[in-house]
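Trainee: My questions all concern the structure below.
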Amino acid sequence: MKIVFSYVKPYKWPIVIALFLMLTELAVELLQPLLIAKIIDDGILKQDQSVIWIWGSVMMGMAILAFLSGATNSFFASHAAQSFAFDLRSALFKQIQQFTMATFTRFPSSGLITRLTSDVTMVQTVLFMSLRIMLRAPLLVLGSLIMAILVNAYLAMFLVIAVPFLFVFLYIMVKKGVTYFARVQDSLDRVNRVLQENLQAVRLIKAYLRGKYESSRFEQVSGLLKMDTVKALRMMEIILPLLLFVMNVSLLAVLWFGADRIQTNNAQIGELVAIVNYAMRMTGAFSMFAFIIMAVARAKASAERMEEVLLVNE
């Protein structure tokens, strides 16, 4: 993937700005549960209206900052992703123009079309997602875990136990996903090839009454694409239920033992609320991982296919 993503270099400053704004938005999200805990413990429980107004105003200001950061981040992320896709597509087209006839025999025209269209779109989408949510999700998990430990290390222990297991599981699923989605892209190439051949030879097909044969041929390759896609998606569908199950079990443990520690005065209500908030943020971040992993797996397969073209030496 290094060669494909080397075309990102001209847009390093929009990317840096987008990442800075993403981190600003993330920092606000990680600080909010602490402010909520302070409002509950020092404001609501002590019936101090001034604390509620002061920290409530701070939260409102931080929410506005996060909104502005997110909106501006989307602008720079979109600019970088669209420009990257334009340069990559142009480089692929220029490389194809330099192919000899011997090289053309290695790459069916349908495969080249797929590389310049859906494959480029896939890596473009992943770059945009990286600057918006893809990097934000793991950072949100780790940041929430660290903040939860700072708030109450005992209650955070139940989250600490779950996270390493989930990261190992996600790593394994990414490796499998790359293989599955590479097969999907190859099946898509075959569908495009059959479709292109039929459109180019439509007069001959009608003249020799080969319509039924060509229809069955298309149904066969289309069926293979369906089977490969279903296999890949079924594997990915395992991810989200398992992630949510583990995180929900951890959240139940936090609530169960947190209530007990509040009764024994070993924890404050605000601390439990903050830990629950961080657990919910981690659950939300993990729920995005199923979509992220699928996109990364497909993008890696697409990048490898495009590098086959870019690395051709005439």
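Scheme for the structure tokens: letters A, B, ... for chains in order shown; per-chain residue numbers from 1; ligand numbers from 1 in order shown.
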Would you give me, as a Markdown table, each residue of range 150-180 of chain A having an atom within 10 Å of an atom of range 213-233 of chain A, along with its shortest atom pair and that distance in Å to one decimal, using only C-alpha atoms and sorting by chain and residue number?
Mentor:
```
| residue | atom | partner | partner_atom | distance |
| --- | --- | --- | --- | --- |
| A:Lys176 | CA | A:Ala232 | CA | 9.0 |
| A:Gly177 | CA | A:Ala232 | CA | 6.8 |
| A:Val178 | CA | A:Ala232 | CA | 9.3 |
| A:Thr179 | CA | A:Ala232 | CA | 8.9 |
| A:Tyr180 | CA | A:Ala232 | CA | 5.4 |
```
Trainee: Env of Ile52 in chain A: 12 Å cut, atoms = only C-alpha atoms, seq-sep filter 3 positions within chain, self excluded. Answer as a PyMOL selection string.
Mentor: chain A and resi 35-49+55-60
Trainee: Would you mind exporting C-alpha atoms of the selected residues as an mmCIF file, in the first residue's frame?
Mentor:
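Result file follows (result-v2.cif):
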```
data_model
loop_
_atom_site.group_PDB
_atom_site.id
_atom_site.type_symbol
_atom_site.label_atom_id
_atom_site.label_comp_id
_atom_site.auth_asym_id
_atom_site.auth_seq_id
_atom_site.Cartn_x
_atom_site.Cartn_y
_atom_site.Cartn_z
ATOM 1 C CA LEU A 35 -17.195 17.675 33.683
ATOM 2 C CA ILE A 36 -20.419 15.697 34.067
ATOM 3 C CA ALA A 37 -18.959 13.967 37.140
ATOM 4 C CA LYS A 38 -17.976 17.322 38.629
ATOM 5 C CA ILE A 39 -21.433 18.770 38.023
ATOM 6 C CA ILE A 40 -23.060 15.754 39.709
ATOM 7 C CA ASP A 41 -20.726 15.506 42.738
ATOM 8 C CA ASP A 42 -20.032 19.209 43.377
ATOM 9 C CA GLY A 43 -23.184 20.732 41.954
ATOM 10 C CA ILE A 44 -26.273 18.528 42.046
ATOM 11 C CA LEU A 45 -25.488 16.480 45.193
ATOM 12 C CA LYS A 46 -24.299 19.566 47.111
ATOM 13 C CA GLN A 47 -27.095 21.702 45.627
ATOM 14 C CA ASP A 48 -24.609 24.324 44.425
ATOM 15 C CA GLN A 49 -26.202 26.116 41.484
ATOM 16 C CA TRP A 55 -19.299 23.924 34.324
ATOM 17 C CA GLY A 56 -22.473 23.640 32.265
ATOM 18 C CA SER A 57 -21.388 26.766 30.368
ATOM 19 C CA VAL A 58 -17.917 25.286 29.904
ATOM 20 C CA MET A 59 -19.469 22.108 28.459
ATOM 21 C CA MET A 60 -21.600 24.180 26.075
#
```
Trainee: Neighbours of range 144-157 of chain A within 12 Å (only C-alpha atoms; same-chain residues fewer than 5 positions away dropped), as a ChimeraX atom specification?
Mentor: /A:26-35,37-38,136-139,162-164,250-262,266-286
Trainee: I want to know what sits within 12 Å of Thr121 in chain A, based on only C-alpha atoms, with residues of the same chain fewer than 5 positions away left out; could you give that as a PyMOL selection string?
Mentor: chain A and resi 81-86+88-89+114-116+126-128+295+298-299+302-303+306
Trainee: Considering only C-alpha atoms, can you say which of A:Leu65, A:Met247, A:Trp13, A:Gln200 comes closest to Val141 in chain A?
Mentor: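 Ranking A:Leu65, A:Met247, A:Trp13, A:Gln200 by distance to Val141 in chain A, first place goes to A:Met247.
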Trainee: For a quick check of understanding, using only C-alpha atoms, which of A:Phe93, A:Pro108, A:Val123, A:Gln185 has the smallest distance to Val8 in chain A?
Mentor: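 Using only C-alpha atoms, Val8 in chain A sits closest to A:Val123.
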Trainee: If we count only C-alpha atoms and set the cut-off at 9 Å, which residues sit around Gln196 in chain A, ignoring sequence neighbours fewer than 4 positions away in its own chain? Please answer as JSON, numbers by chain.
Mentor: {"A": [109, 110, 191, 192, 200, 201]}
Trainee: Could you write those residues out with C-alpha atoms, as a compact mmCIF listing (two decimals), in the first residue's frame?
Mentor:
```txt
# COMPACT_ATOMS: atom_id res chain seq x y z
CA SER A 109 -9.42 -4.41 -19.92
CA SER A 110 -12.26 -5.06 -17.45
CA VAL A 191 -18.28 -9.88 -14.13
CA ASN A 192 -16.99 -6.71 -15.80
CA GLN A 200 -18.75 -5.30 -27.73
CA ALA A 201 -20.07 -8.39 -29.56
```
Trainee: Pick out the closest residue to Leu310 in chain A from this set: A:Val16, A:Val51, A:Ile96, A:Met129. Count only C-alpha atoms.
Mentor: A:Ile96
Trainee: Contacts of Leu240 in chain A at 7 Å or less, counting only C-alpha atoms, minus same-chain residues fewer than 3 places along, as a list in words?
Mentor: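 The neighbour list is Glu237, Leu243, Leu244, Ser287 and Ala290 of chain A.
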Trainee: Now that the selection is made, can you save its residues with all heavy atoms as a compact mmCIF listing (two decimals), in the first residue's frame?
Mentor:
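Just written: part-v6.txt:
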```txt
# COMPACT_ATOMS: atom_id res chain seq x y z
N GLU A 237 -19.86 -9.83 9.73
CA GLU A 237 -21.02 -9.69 10.60
C GLU A 237 -20.80 -10.31 11.97
O GLU A 237 -21.54 -10.03 12.91
CB GLU A 237 -22.25 -10.33 9.93
CG GLU A 237 -22.81 -9.49 8.79
CD GLU A 237 -23.85 -10.23 7.97
OE1 GLU A 237 -24.12 -11.40 8.32
OE2 GLU A 237 -24.38 -9.66 7.01
N LEU A 243 -18.17 -7.80 19.66
CA LEU A 243 -17.68 -6.58 20.29
C LEU A 243 -18.69 -6.03 21.29
O LEU A 243 -18.34 -5.68 22.43
CB LEU A 243 -17.38 -5.52 19.23
CG LEU A 243 -16.20 -5.77 18.28
CD1 LEU A 243 -16.12 -4.67 17.25
CD2 LEU A 243 -14.90 -5.87 19.05
N LEU A 244 -19.94 -5.94 20.87
CA LEU A 244 -20.98 -5.39 21.74
C LEU A 244 -21.22 -6.28 22.96
O LEU A 244 -21.46 -5.79 24.06
CB LEU A 244 -22.28 -5.20 20.95
CG LEU A 244 -22.24 -4.13 19.85
CD1 LEU A 244 -23.58 -4.05 19.15
CD2 LEU A 244 -21.88 -2.77 20.43
N SER A 287 -18.22 -0.26 17.94
CA SER A 287 -19.28 -0.58 16.98
C SER A 287 -18.95 -0.09 15.58
O SER A 287 -19.46 -0.61 14.59
CB SER A 287 -20.61 0.03 17.44
OG SER A 287 -20.56 1.45 17.39
N ALA A 290 -16.45 -2.66 12.91
CA ALA A 290 -16.89 -3.62 11.89
C ALA A 290 -16.87 -2.97 10.51
O ALA A 290 -16.37 -3.55 9.53
CB ALA A 290 -18.28 -4.13 12.22
```
